[in-house]
file target-v8.cif (mmCIF, N, CA and C atoms)
data_model
#
loop_
_atom_site.label_atom_id
_atom_site.label_comp_id
_atom_site.auth_asym_id
_atom_site.auth_seq_id
_atom_site.Cartn_x
_atom_site.Cartn_y
_atom_site.Cartn_z
N MET A 1 -33.35 -22.18 20.69
CA MET A 1 -32.06 -21.52 20.75
C MET A 1 -31.23 -22.12 21.89
N SER A 2 -29.99 -22.42 21.60
CA SER A 2 -29.11 -23.04 22.57
C SER A 2 -28.54 -21.99 23.52
N ALA A 3 -28.19 -22.43 24.72
CA ALA A 3 -27.62 -21.54 25.73
C ALA A 3 -26.15 -21.21 25.42
N VAL A 4 -25.52 -21.97 24.53
CA VAL A 4 -24.14 -21.70 24.11
C VAL A 4 -24.08 -21.70 22.58
N ASP A 5 -23.07 -21.04 22.05
CA ASP A 5 -22.92 -20.96 20.60
C ASP A 5 -22.55 -22.29 19.96
N PHE A 6 -21.83 -23.13 20.71
CA PHE A 6 -21.35 -24.40 20.16
C PHE A 6 -21.78 -25.57 21.05
N PRO A 7 -23.05 -25.95 20.98
CA PRO A 7 -23.54 -27.03 21.84
C PRO A 7 -22.85 -28.37 21.60
N ARG A 8 -22.42 -28.62 20.37
CA ARG A 8 -21.72 -29.88 20.08
C ARG A 8 -20.39 -29.94 20.82
N MET A 9 -19.70 -28.81 20.87
CA MET A 9 -18.44 -28.76 21.62
C MET A 9 -18.71 -28.97 23.11
N ARG A 10 -19.79 -28.41 23.59
CA ARG A 10 -20.17 -28.61 24.99
C ARG A 10 -20.40 -30.09 25.26
N ASP A 11 -21.06 -30.76 24.33
CA ASP A 11 -21.27 -32.20 24.46
C ASP A 11 -19.95 -32.95 24.47
N ASP A 12 -19.00 -32.51 23.64
CA ASP A 12 -17.68 -33.14 23.63
C ASP A 12 -16.98 -32.98 24.98
N VAL A 13 -17.10 -31.81 25.58
CA VAL A 13 -16.52 -31.58 26.90
C VAL A 13 -17.16 -32.50 27.93
N LYS A 14 -18.46 -32.61 27.89
CA LYS A 14 -19.15 -33.49 28.85
C LYS A 14 -18.74 -34.94 28.63
N PHE A 15 -18.58 -35.36 27.38
CA PHE A 15 -18.13 -36.72 27.11
C PHE A 15 -16.73 -36.96 27.69
N ALA A 16 -15.82 -36.02 27.46
CA ALA A 16 -14.46 -36.16 28.00
C ALA A 16 -14.49 -36.23 29.52
N LEU A 17 -15.31 -35.40 30.13
CA LEU A 17 -15.42 -35.42 31.60
C LEU A 17 -16.01 -36.73 32.10
N ALA A 18 -16.97 -37.28 31.36
CA ALA A 18 -17.54 -38.57 31.73
C ALA A 18 -16.46 -39.66 31.69
N CYS A 19 -15.62 -39.63 30.66
CA CYS A 19 -14.52 -40.60 30.57
C CYS A 19 -13.52 -40.40 31.70
N LEU A 20 -13.19 -39.17 31.99
CA LEU A 20 -12.23 -38.86 33.05
C LEU A 20 -12.76 -39.15 34.44
N SER A 21 -14.07 -39.24 34.58
CA SER A 21 -14.65 -39.45 35.91
C SER A 21 -15.00 -40.92 36.18
N ASP A 22 -14.71 -41.81 35.25
CA ASP A 22 -15.10 -43.22 35.39
C ASP A 22 -13.85 -44.11 35.42
N ARG A 23 -13.42 -44.45 36.60
CA ARG A 23 -12.18 -45.22 36.77
C ARG A 23 -12.26 -46.61 36.15
N GLN A 24 -13.42 -47.27 36.24
CA GLN A 24 -13.57 -48.60 35.65
C GLN A 24 -13.47 -48.52 34.12
N TYR A 25 -14.08 -47.49 33.54
CA TYR A 25 -14.00 -47.28 32.10
C TYR A 25 -12.54 -47.09 31.68
N GLN A 26 -11.81 -46.30 32.43
CA GLN A 26 -10.41 -46.02 32.12
C GLN A 26 -9.59 -47.31 32.10
N ASP A 27 -9.78 -48.16 33.11
CA ASP A 27 -9.06 -49.43 33.13
C ASP A 27 -9.44 -50.30 31.94
N ARG A 28 -10.73 -50.37 31.67
CA ARG A 28 -11.22 -51.24 30.61
C ARG A 28 -10.79 -50.75 29.23
N VAL A 29 -11.00 -49.48 28.95
CA VAL A 29 -10.78 -48.96 27.60
C VAL A 29 -9.35 -48.45 27.40
N TRP A 30 -8.86 -47.64 28.31
CA TRP A 30 -7.55 -47.03 28.12
C TRP A 30 -6.40 -48.00 28.39
N VAL A 31 -6.54 -48.82 29.44
CA VAL A 31 -5.43 -49.69 29.82
C VAL A 31 -5.52 -51.04 29.11
N ARG A 32 -6.69 -51.69 29.16
CA ARG A 32 -6.83 -53.02 28.56
C ARG A 32 -7.21 -52.97 27.08
N GLY A 33 -7.61 -51.81 26.59
CA GLY A 33 -7.94 -51.67 25.17
C GLY A 33 -9.24 -52.32 24.76
N GLU A 34 -10.16 -52.49 25.70
CA GLU A 34 -11.45 -53.10 25.40
C GLU A 34 -12.45 -52.01 25.01
N GLY A 35 -12.55 -51.73 23.77
CA GLY A 35 -13.48 -50.71 23.30
C GLY A 35 -14.04 -51.10 21.95
N ARG A 36 -14.72 -50.18 21.35
CA ARG A 36 -15.24 -50.41 20.01
C ARG A 36 -14.08 -50.42 19.03
N PRO A 37 -14.04 -51.38 18.12
CA PRO A 37 -12.93 -51.44 17.17
C PRO A 37 -12.87 -50.24 16.22
N ASP A 38 -13.99 -49.56 16.04
CA ASP A 38 -14.03 -48.41 15.12
C ASP A 38 -13.84 -47.08 15.83
N TYR A 39 -13.52 -47.12 17.13
CA TYR A 39 -13.40 -45.88 17.90
C TYR A 39 -12.23 -46.00 18.85
N SER A 40 -11.36 -45.02 18.84
CA SER A 40 -10.21 -45.02 19.73
C SER A 40 -10.41 -43.97 20.81
N ASP A 41 -10.29 -44.39 22.05
CA ASP A 41 -10.42 -43.47 23.18
C ASP A 41 -9.26 -43.74 24.13
N ASP A 42 -8.61 -42.67 24.53
CA ASP A 42 -7.55 -42.79 25.51
C ASP A 42 -7.46 -41.47 26.28
N LEU A 43 -6.56 -41.44 27.23
CA LEU A 43 -6.40 -40.24 28.05
C LEU A 43 -6.05 -39.03 27.20
N THR A 44 -5.15 -39.20 26.27
CA THR A 44 -4.71 -38.08 25.43
C THR A 44 -5.88 -37.46 24.67
N ALA A 45 -6.75 -38.29 24.12
CA ALA A 45 -7.90 -37.77 23.38
C ALA A 45 -8.78 -36.88 24.26
N ASN A 46 -9.00 -37.30 25.49
CA ASN A 46 -9.85 -36.53 26.39
C ASN A 46 -9.18 -35.26 26.89
N ILE A 47 -7.89 -35.33 27.13
CA ILE A 47 -7.15 -34.11 27.51
C ILE A 47 -7.16 -33.12 26.35
N ASN A 48 -6.98 -33.64 25.14
CA ASN A 48 -7.01 -32.76 23.96
C ASN A 48 -8.35 -32.06 23.80
N ILE A 49 -9.43 -32.75 24.10
CA ILE A 49 -10.75 -32.11 24.03
C ILE A 49 -10.82 -30.92 24.97
N LEU A 50 -10.35 -31.11 26.19
CA LEU A 50 -10.44 -30.05 27.20
C LEU A 50 -9.48 -28.89 26.95
N TYR A 51 -8.25 -29.21 26.58
CA TYR A 51 -7.21 -28.18 26.46
C TYR A 51 -7.05 -27.61 25.05
N ASP A 52 -7.22 -28.44 24.05
CA ASP A 52 -6.92 -28.00 22.68
C ASP A 52 -8.17 -27.78 21.83
N ASP A 53 -8.99 -28.80 21.71
CA ASP A 53 -10.13 -28.74 20.80
C ASP A 53 -11.18 -27.73 21.26
N CYS A 54 -11.59 -27.83 22.51
CA CYS A 54 -12.66 -26.96 23.03
C CYS A 54 -12.12 -25.82 23.90
N GLN A 55 -10.88 -25.93 24.31
CA GLN A 55 -10.17 -24.90 25.05
C GLN A 55 -10.92 -24.40 26.30
N VAL A 56 -11.50 -25.34 27.03
CA VAL A 56 -12.15 -24.97 28.30
C VAL A 56 -11.15 -24.95 29.45
N LEU A 57 -9.97 -25.47 29.22
CA LEU A 57 -8.87 -25.42 30.17
C LEU A 57 -7.65 -24.88 29.44
N PRO A 58 -6.83 -24.11 30.09
CA PRO A 58 -6.80 -23.76 31.50
C PRO A 58 -7.64 -22.53 31.86
N ASP A 59 -8.27 -21.90 30.88
CA ASP A 59 -8.98 -20.64 31.12
C ASP A 59 -10.46 -20.76 30.74
N PRO A 60 -11.26 -21.39 31.59
CA PRO A 60 -12.66 -21.61 31.22
C PRO A 60 -13.47 -20.33 31.02
N GLU A 61 -13.10 -19.25 31.70
CA GLU A 61 -13.86 -18.00 31.56
C GLU A 61 -13.89 -17.53 30.12
N SER A 62 -12.83 -17.82 29.37
CA SER A 62 -12.75 -17.37 27.98
C SER A 62 -13.74 -18.10 27.07
N ARG A 63 -14.32 -19.19 27.55
CA ARG A 63 -15.24 -19.98 26.73
C ARG A 63 -16.70 -19.82 27.15
N VAL A 64 -16.97 -18.91 28.09
CA VAL A 64 -18.35 -18.65 28.50
C VAL A 64 -19.11 -18.07 27.32
N GLY A 65 -20.24 -18.66 27.05
CA GLY A 65 -21.08 -18.23 25.94
C GLY A 65 -20.88 -19.07 24.70
N SER A 66 -19.64 -19.49 24.47
CA SER A 66 -19.39 -20.30 23.28
C SER A 66 -19.53 -21.79 23.61
N VAL A 67 -18.94 -22.25 24.72
CA VAL A 67 -18.99 -23.66 25.12
C VAL A 67 -19.54 -23.81 26.54
N LEU A 68 -19.25 -22.86 27.38
CA LEU A 68 -19.62 -22.94 28.79
C LEU A 68 -20.67 -21.91 29.15
N MET A 69 -21.37 -22.19 30.24
CA MET A 69 -22.36 -21.26 30.76
C MET A 69 -21.79 -20.56 31.99
N PRO A 70 -22.25 -19.33 32.23
CA PRO A 70 -21.79 -18.62 33.44
C PRO A 70 -22.43 -19.25 34.67
N SER A 71 -21.77 -20.26 35.19
CA SER A 71 -22.30 -21.01 36.32
C SER A 71 -21.14 -21.57 37.12
N GLU A 72 -21.47 -22.41 38.08
CA GLU A 72 -20.43 -23.02 38.91
C GLU A 72 -19.48 -23.90 38.11
N GLU A 73 -19.84 -24.25 36.87
CA GLU A 73 -18.95 -25.10 36.08
C GLU A 73 -17.60 -24.42 35.85
N ILE A 74 -17.58 -23.10 35.82
CA ILE A 74 -16.32 -22.38 35.61
C ILE A 74 -15.38 -22.64 36.79
N GLU A 75 -15.87 -22.46 38.00
CA GLU A 75 -15.05 -22.68 39.19
C GLU A 75 -14.61 -24.14 39.29
N ARG A 76 -15.49 -25.05 38.96
CA ARG A 76 -15.15 -26.48 39.03
C ARG A 76 -14.08 -26.83 37.99
N LEU A 77 -14.14 -26.23 36.81
CA LEU A 77 -13.10 -26.46 35.81
C LEU A 77 -11.76 -25.92 36.29
N LEU A 78 -11.77 -24.77 36.95
CA LEU A 78 -10.52 -24.23 37.51
C LEU A 78 -9.95 -25.18 38.56
N ASP A 79 -10.83 -25.75 39.37
CA ASP A 79 -10.39 -26.73 40.37
C ASP A 79 -9.78 -27.96 39.69
N LEU A 80 -10.42 -28.43 38.62
CA LEU A 80 -9.90 -29.59 37.89
C LEU A 80 -8.53 -29.28 37.29
N HIS A 81 -8.40 -28.12 36.69
CA HIS A 81 -7.10 -27.75 36.10
C HIS A 81 -6.01 -27.67 37.16
N ALA A 82 -6.36 -27.24 38.37
CA ALA A 82 -5.38 -27.13 39.45
C ALA A 82 -4.77 -28.49 39.79
N VAL A 83 -5.50 -29.57 39.52
CA VAL A 83 -4.99 -30.92 39.76
C VAL A 83 -4.42 -31.53 38.47
N LEU A 84 -5.18 -31.42 37.39
CA LEU A 84 -4.79 -32.07 36.14
C LEU A 84 -3.60 -31.39 35.48
N GLY A 85 -3.55 -30.07 35.50
CA GLY A 85 -2.44 -29.35 34.87
C GLY A 85 -1.08 -29.77 35.39
N PRO A 86 -0.86 -29.75 36.71
CA PRO A 86 0.44 -30.18 37.24
C PRO A 86 0.74 -31.66 36.96
N LEU A 87 -0.29 -32.48 36.92
CA LEU A 87 -0.09 -33.89 36.62
C LEU A 87 0.42 -34.06 35.18
N ILE A 88 -0.17 -33.31 34.27
CA ILE A 88 0.29 -33.34 32.87
C ILE A 88 1.71 -32.81 32.78
N ASP A 89 2.00 -31.73 33.50
CA ASP A 89 3.36 -31.18 33.50
C ASP A 89 4.37 -32.20 34.01
N ASP A 90 4.00 -32.94 35.05
CA ASP A 90 4.91 -33.91 35.66
C ASP A 90 5.08 -35.18 34.84
N LEU A 91 3.99 -35.69 34.27
CA LEU A 91 4.04 -37.00 33.60
C LEU A 91 4.17 -36.90 32.08
N GLY A 92 3.77 -35.76 31.52
CA GLY A 92 3.92 -35.56 30.08
C GLY A 92 3.34 -36.66 29.23
N GLU A 93 4.17 -37.28 28.40
CA GLU A 93 3.74 -38.29 27.43
C GLU A 93 3.74 -39.71 28.00
N ALA A 94 3.71 -39.84 29.32
CA ALA A 94 3.69 -41.16 29.94
C ALA A 94 2.46 -41.94 29.50
N GLN A 95 2.53 -43.25 29.60
CA GLN A 95 1.42 -44.12 29.27
C GLN A 95 0.22 -43.81 30.17
N ASP A 96 -0.98 -44.09 29.68
CA ASP A 96 -2.19 -43.83 30.45
C ASP A 96 -2.13 -44.49 31.83
N GLY A 97 -1.59 -45.70 31.89
CA GLY A 97 -1.49 -46.41 33.16
C GLY A 97 -0.68 -45.67 34.20
N ALA A 98 0.34 -44.94 33.77
CA ALA A 98 1.15 -44.16 34.70
C ALA A 98 0.33 -43.06 35.34
N TYR A 99 -0.54 -42.44 34.55
CA TYR A 99 -1.44 -41.42 35.10
C TYR A 99 -2.40 -42.06 36.10
N LEU A 100 -2.99 -43.17 35.72
CA LEU A 100 -3.97 -43.83 36.57
C LEU A 100 -3.36 -44.34 37.86
N ASP A 101 -2.08 -44.68 37.83
CA ASP A 101 -1.39 -45.17 39.03
C ASP A 101 -0.88 -44.05 39.93
N ASP A 102 -0.86 -42.83 39.42
CA ASP A 102 -0.39 -41.71 40.22
C ASP A 102 -1.38 -41.43 41.35
N GLY A 103 -0.89 -41.15 42.52
CA GLY A 103 -1.74 -40.89 43.68
C GLY A 103 -2.70 -39.73 43.51
N ARG A 104 -2.37 -38.81 42.61
CA ARG A 104 -3.23 -37.65 42.37
C ARG A 104 -4.39 -37.95 41.43
N TRP A 105 -4.36 -39.11 40.77
CA TRP A 105 -5.38 -39.40 39.77
C TRP A 105 -6.78 -39.43 40.37
N ALA A 106 -6.92 -39.91 41.58
CA ALA A 106 -8.25 -39.95 42.22
C ALA A 106 -8.86 -38.55 42.29
N LEU A 107 -8.03 -37.54 42.47
CA LEU A 107 -8.52 -36.16 42.50
C LEU A 107 -8.99 -35.70 41.11
N VAL A 108 -8.35 -36.20 40.06
CA VAL A 108 -8.79 -35.89 38.70
C VAL A 108 -10.14 -36.54 38.44
N VAL A 109 -10.29 -37.79 38.84
CA VAL A 109 -11.56 -38.51 38.66
C VAL A 109 -12.67 -37.77 39.41
N GLU A 110 -12.42 -37.44 40.65
CA GLU A 110 -13.41 -36.73 41.47
C GLU A 110 -13.72 -35.35 40.89
N GLY A 111 -12.69 -34.62 40.51
CA GLY A 111 -12.88 -33.28 39.95
C GLY A 111 -13.65 -33.31 38.64
N SER A 112 -13.38 -34.30 37.81
CA SER A 112 -14.10 -34.44 36.54
C SER A 112 -15.58 -34.71 36.78
N ALA A 113 -15.87 -35.56 37.75
CA ALA A 113 -17.27 -35.85 38.08
C ALA A 113 -17.98 -34.59 38.60
N THR A 114 -17.28 -33.79 39.36
CA THR A 114 -17.85 -32.56 39.91
C THR A 114 -18.15 -31.55 38.79
N VAL A 115 -17.23 -31.42 37.84
CA VAL A 115 -17.47 -30.51 36.72
C VAL A 115 -18.65 -31.01 35.89
N LEU A 116 -18.65 -32.30 35.59
CA LEU A 116 -19.74 -32.86 34.78
C LEU A 116 -21.09 -32.62 35.45
N ALA A 117 -21.17 -32.84 36.73
CA ALA A 117 -22.42 -32.62 37.46
C ALA A 117 -22.83 -31.15 37.38
N ALA A 118 -21.88 -30.24 37.50
CA ALA A 118 -22.19 -28.80 37.39
C ALA A 118 -22.70 -28.45 36.01
N MET A 119 -22.11 -29.05 34.98
CA MET A 119 -22.56 -28.77 33.61
C MET A 119 -23.97 -29.31 33.37
N VAL A 120 -24.24 -30.48 33.89
CA VAL A 120 -25.57 -31.06 33.73
C VAL A 120 -26.60 -30.19 34.46
N ARG A 121 -26.27 -29.73 35.65
CA ARG A 121 -27.19 -28.83 36.37
C ARG A 121 -27.44 -27.56 35.58
N ALA A 122 -26.39 -27.00 35.02
CA ALA A 122 -26.54 -25.76 34.23
C ALA A 122 -27.41 -26.01 33.00
N ASP A 123 -27.28 -27.17 32.39
CA ASP A 123 -28.09 -27.51 31.22
C ASP A 123 -29.57 -27.61 31.57
N LEU A 124 -29.87 -27.97 32.79
CA LEU A 124 -31.27 -28.18 33.22
C LEU A 124 -31.96 -26.86 33.59
N ARG A 125 -31.20 -25.80 33.72
CA ARG A 125 -31.80 -24.52 34.11
C ARG A 125 -32.48 -23.86 32.94
#
call {"tool": "encode", "arguments": {"input": "target-v8.cif", "output": "structure tokens"}}
result
Amino acid sequence: MSAVDFPRMRDDVKFALACLSDRQYQDRVWVRGEGRPDYSDDLTANINILYDDCQVLPDPESRVGSVLMPSEEIERLLDLHAVLGPLIDDLGEAQDGAYLDDGRWALVVEGSATVLAAMVRADLR
């Protein structure tokens, strides 16, 4: 029995966070377009996973039990949204490179890594 109702969605969230936490990957895949020819990955796809598809942002508490576990991952997601939300509001539909060049992007990368680590720890319990 899984700890959440939708473990596949949880995996999708972790994948998006892994992409958001890897600056070299972002340059290689999102900016230079070096990826698998049968798979498209960009910033928008990962933001959509978090905000639209799995809806763990902006209100992670609402997804406890279905996608998230009652653990520190909730607080870490709130911290990530506090940085990523305003960045999305400010830059909107700008190219991925504009996001990556923004001075706040390092906080998104760091915050994503922190959330991912919290989710992995929760999975191991």
call {"tool": "atom_distance", "arguments": {"input": "target-v8.cif", "atom1": "atom CA of A:Arg8", "atom2": "atom C of A:Leu68"}}
result
12.1 Å
call {"tool": "closest_residue", "arguments": {"input": "target-v8.cif", "among": "A:Val31, A:Ala18, A:Ala98, A:Val56", "to": "A:Met69", "atoms": "only C-alpha atoms"}}
result
A:Val56
call {"tool": "atom_distance", "arguments": {"input": "target-v8.cif", "atom1": "atom N of A:Asp12", "atom2": "atom C of A:Leu84"}}
result
19.5 Å
call {"tool": "closest_residue", "arguments": {"input": "target-v8.cif", "among": "A:Asp11, A:Glu75, A:Asp102, A:Asp5", "to": "A:Val115", "atoms": "only N, CA and C atoms"}}
result
A:Glu75
call {"tool": "atom_distance", "arguments": {"input": "target-v8.cif", "atom1": "atom CA of A:Pro7", "atom2": "atom CA of A:Trp30"}}
result
26.4 Å
call {"tool": "resolve_selection", "arguments": {"input": "target-v8.cif", "expression": "the PyMOL selection byres ((chain A and resi 104-111) around 6.5)", "output": "ChimeraX atom specification"}}
result
/A:20-22,79-80,83-84,99-103,112-116
call {"tool": "closest_residue", "arguments": {"input": "target-v8.cif", "among": "A:Asp41, A:Asp90, A:Ala122, A:Ala16", "to": "A:Pro70", "atoms": "all atoms listed in the file"}}
result
A:Ala122
call {"tool": "closest_residue", "arguments": {"input": "target-v8.cif", "among": "A:Gly92, A:Pro60, A:Gly97, A:Gly35", "to": "A:Leu78", "atoms": "only C-alpha atoms"}}
result
A:Pro60
call {"tool": "closest_residue", "arguments": {"input": "target-v8.cif", "among": "A:Cys19, A:Val67, A:Met119, A:Leu77", "to": "A:Asn46", "atoms": "only N, CA and C atoms"}}
result
A:Cys19
call {"tool": "closest_residue", "arguments": {"input": "target-v8.cif", "among": "A:Gly85, A:Gln95, A:Arg10, A:Asp42", "to": "A:Pro58", "atoms": "only N, CA and C atoms"}}
result
A:Gly85
call {"tool": "residues_around", "arguments": {"input": "target-v8.cif", "residues": "A:Cys54", "least_positions_apart": "2", "cutoff": "8 Å", "atoms": "all atoms listed in the file", "output": "number ranges by chain"}}
result
A: 9-10, 12-13, 47-52, 56-57, 63, 67
call {"tool": "write_last_selection", "arguments": {"input": "target-v8.cif", "atoms": "N, CA and C atoms", "output": "compact mmCIF listing (two decimals), in the coordinates of the input"}}
result
# COMPACT_ATOMS: atom_id res chain seq x y z
N MET A 9 -19.70 -28.81 20.87
CA MET A 9 -18.44 -28.76 21.62
C MET A 9 -18.71 -28.97 23.11
N ARG A 10 -19.79 -28.41 23.59
CA ARG A 10 -20.17 -28.61 24.99
C ARG A 10 -20.40 -30.09 25.26
N ASP A 12 -19.00 -32.51 23.64
CA ASP A 12 -17.68 -33.14 23.63
C ASP A 12 -16.98 -32.98 24.98
N VAL A 13 -17.10 -31.81 25.58
CA VAL A 13 -16.52 -31.58 26.90
C VAL A 13 -17.16 -32.50 27.93
N ILE A 47 -7.89 -35.33 27.13
CA ILE A 47 -7.15 -34.11 27.51
C ILE A 47 -7.16 -33.12 26.35
N ASN A 48 -6.98 -33.64 25.14
CA ASN A 48 -7.01 -32.76 23.96
C ASN A 48 -8.35 -32.06 23.80
N ILE A 49 -9.43 -32.75 24.10
CA ILE A 49 -10.75 -32.11 24.03
C ILE A 49 -10.82 -30.92 24.97
N LEU A 50 -10.35 -31.11 26.19
CA LEU A 50 -10.44 -30.05 27.20
C LEU A 50 -9.48 -28.89 26.95
N TYR A 51 -8.25 -29.21 26.58
CA TYR A 51 -7.21 -28.18 26.46
C TYR A 51 -7.05 -27.61 25.05
N ASP A 52 -7.22 -28.44 24.05
CA ASP A 52 -6.92 -28.00 22.68
C ASP A 52 -8.17 -27.78 21.83
N VAL A 56 -11.50 -25.34 27.03
CA VAL A 56 -12.15 -24.97 28.30
C VAL A 56 -11.15 -24.95 29.45
N LEU A 57 -9.97 -25.47 29.22
CA LEU A 57 -8.87 -25.42 30.17
C LEU A 57 -7.65 -24.88 29.44
N ARG A 63 -14.32 -19.19 27.55
CA ARG A 63 -15.24 -19.98 26.73
C ARG A 63 -16.70 -19.82 27.15
N VAL A 67 -18.94 -22.25 24.72
CA VAL A 67 -18.99 -23.66 25.12
C VAL A 67 -19.54 -23.81 26.54
call {"tool": "decode", "arguments": {"input": "target-v8.cif", "residues": "stretch 20-28 of chain A", "atoms": "all heavy atoms", "output": "short mmCIF file (atom, residue, chain, number, x, y, z; two decimals), in the first residue's frame"}}
result
data_model
loop_
_atom_site.label_atom_id
_atom_site.label_comp_id
_atom_site.auth_asym_id
_atom_site.auth_seq_id
_atom_site.Cartn_x
_atom_site.Cartn_y
_atom_site.Cartn_z
N LEU A 20 14.15 21.24 -11.93
CA LEU A 20 14.27 22.60 -11.43
C LEU A 20 15.49 22.80 -10.53
O LEU A 20 15.92 23.93 -10.31
CB LEU A 20 13.00 23.01 -10.67
CG LEU A 20 11.76 23.23 -11.53
CD1 LEU A 20 10.52 23.31 -10.64
CD2 LEU A 20 11.92 24.47 -12.38
N SER A 21 16.03 21.72 -10.01
CA SER A 21 17.16 21.84 -9.09
C SER A 21 18.52 21.61 -9.78
O SER A 21 19.55 21.67 -9.12
CB SER A 21 17.01 20.86 -7.93
OG SER A 21 17.11 19.52 -8.38
N ASP A 22 18.52 21.38 -11.08
CA ASP A 22 19.76 21.05 -11.79
C ASP A 22 20.06 22.12 -12.85
O ASP A 22 19.55 22.07 -13.97
CB ASP A 22 19.62 19.67 -12.44
CG ASP A 22 20.90 19.17 -13.07
OD1 ASP A 22 21.78 19.99 -13.41
OD2 ASP A 22 21.01 17.94 -13.24
N ARG A 23 20.89 23.06 -12.49
CA ARG A 23 21.20 24.19 -13.38
C ARG A 23 21.87 23.77 -14.67
O ARG A 23 21.59 24.31 -15.74
CB ARG A 23 22.06 25.20 -12.61
CG ARG A 23 22.25 26.52 -13.33
CD ARG A 23 20.91 27.24 -13.48
NE ARG A 23 21.10 28.57 -14.00
CZ ARG A 23 21.26 28.86 -15.28
NH1 ARG A 23 21.23 27.90 -16.18
NH2 ARG A 23 21.43 30.10 -15.67
N GLN A 24 22.76 22.77 -14.62
CA GLN A 24 23.43 22.30 -15.83
C GLN A 24 22.41 21.66 -16.78
O GLN A 24 22.46 21.86 -18.00
CB GLN A 24 24.55 21.31 -15.51
CG GLN A 24 25.76 21.94 -14.86
CD GLN A 24 25.54 22.28 -13.38
OE1 GLN A 24 24.76 21.63 -12.70
NE2 GLN A 24 26.22 23.30 -12.90
N TYR A 25 21.49 20.88 -16.23
CA TYR A 25 20.43 20.27 -17.03
C TYR A 25 19.61 21.35 -17.72
O TYR A 25 19.28 21.25 -18.90
CB TYR A 25 19.55 19.40 -16.13
CG TYR A 25 18.33 18.83 -16.82
CD1 TYR A 25 18.42 17.63 -17.51
CD2 TYR A 25 17.10 19.49 -16.78
CE1 TYR A 25 17.30 17.09 -18.15
CE2 TYR A 25 15.99 18.97 -17.41
CZ TYR A 25 16.10 17.77 -18.09
OH TYR A 25 15.00 17.25 -18.73
N GLN A 26 19.26 22.38 -16.99
CA GLN A 26 18.44 23.47 -17.53
C GLN A 26 19.13 24.13 -18.72
O GLN A 26 18.51 24.36 -19.76
CB GLN A 26 18.15 24.50 -16.44
CG GLN A 26 17.32 23.94 -15.32
CD GLN A 26 17.43 24.73 -14.03
OE1 GLN A 26 17.97 25.83 -14.00
NE2 GLN A 26 16.91 24.17 -12.96
N ASP A 27 20.43 24.41 -18.59
CA ASP A 27 21.16 25.00 -19.70
C ASP A 27 21.20 24.06 -20.90
O ASP A 27 20.96 24.47 -22.03
CB ASP A 27 22.60 25.33 -19.28
CG ASP A 27 22.71 26.60 -18.47
OD1 ASP A 27 21.89 27.52 -18.68
OD2 ASP A 27 23.61 26.68 -17.62
N ARG A 28 21.47 22.81 -20.63
CA ARG A 28 21.62 21.83 -21.70
C ARG A 28 20.30 21.56 -22.41
O ARG A 28 20.23 21.61 -23.63
CB ARG A 28 22.20 20.51 -21.13
CG ARG A 28 22.47 19.45 -22.18
CD ARG A 28 23.21 18.24 -21.59
NE ARG A 28 22.66 17.72 -20.37
CZ ARG A 28 21.58 16.93 -20.29
NH1 ARG A 28 20.95 16.56 -21.36
NH2 ARG A 28 21.15 16.50 -19.12
#
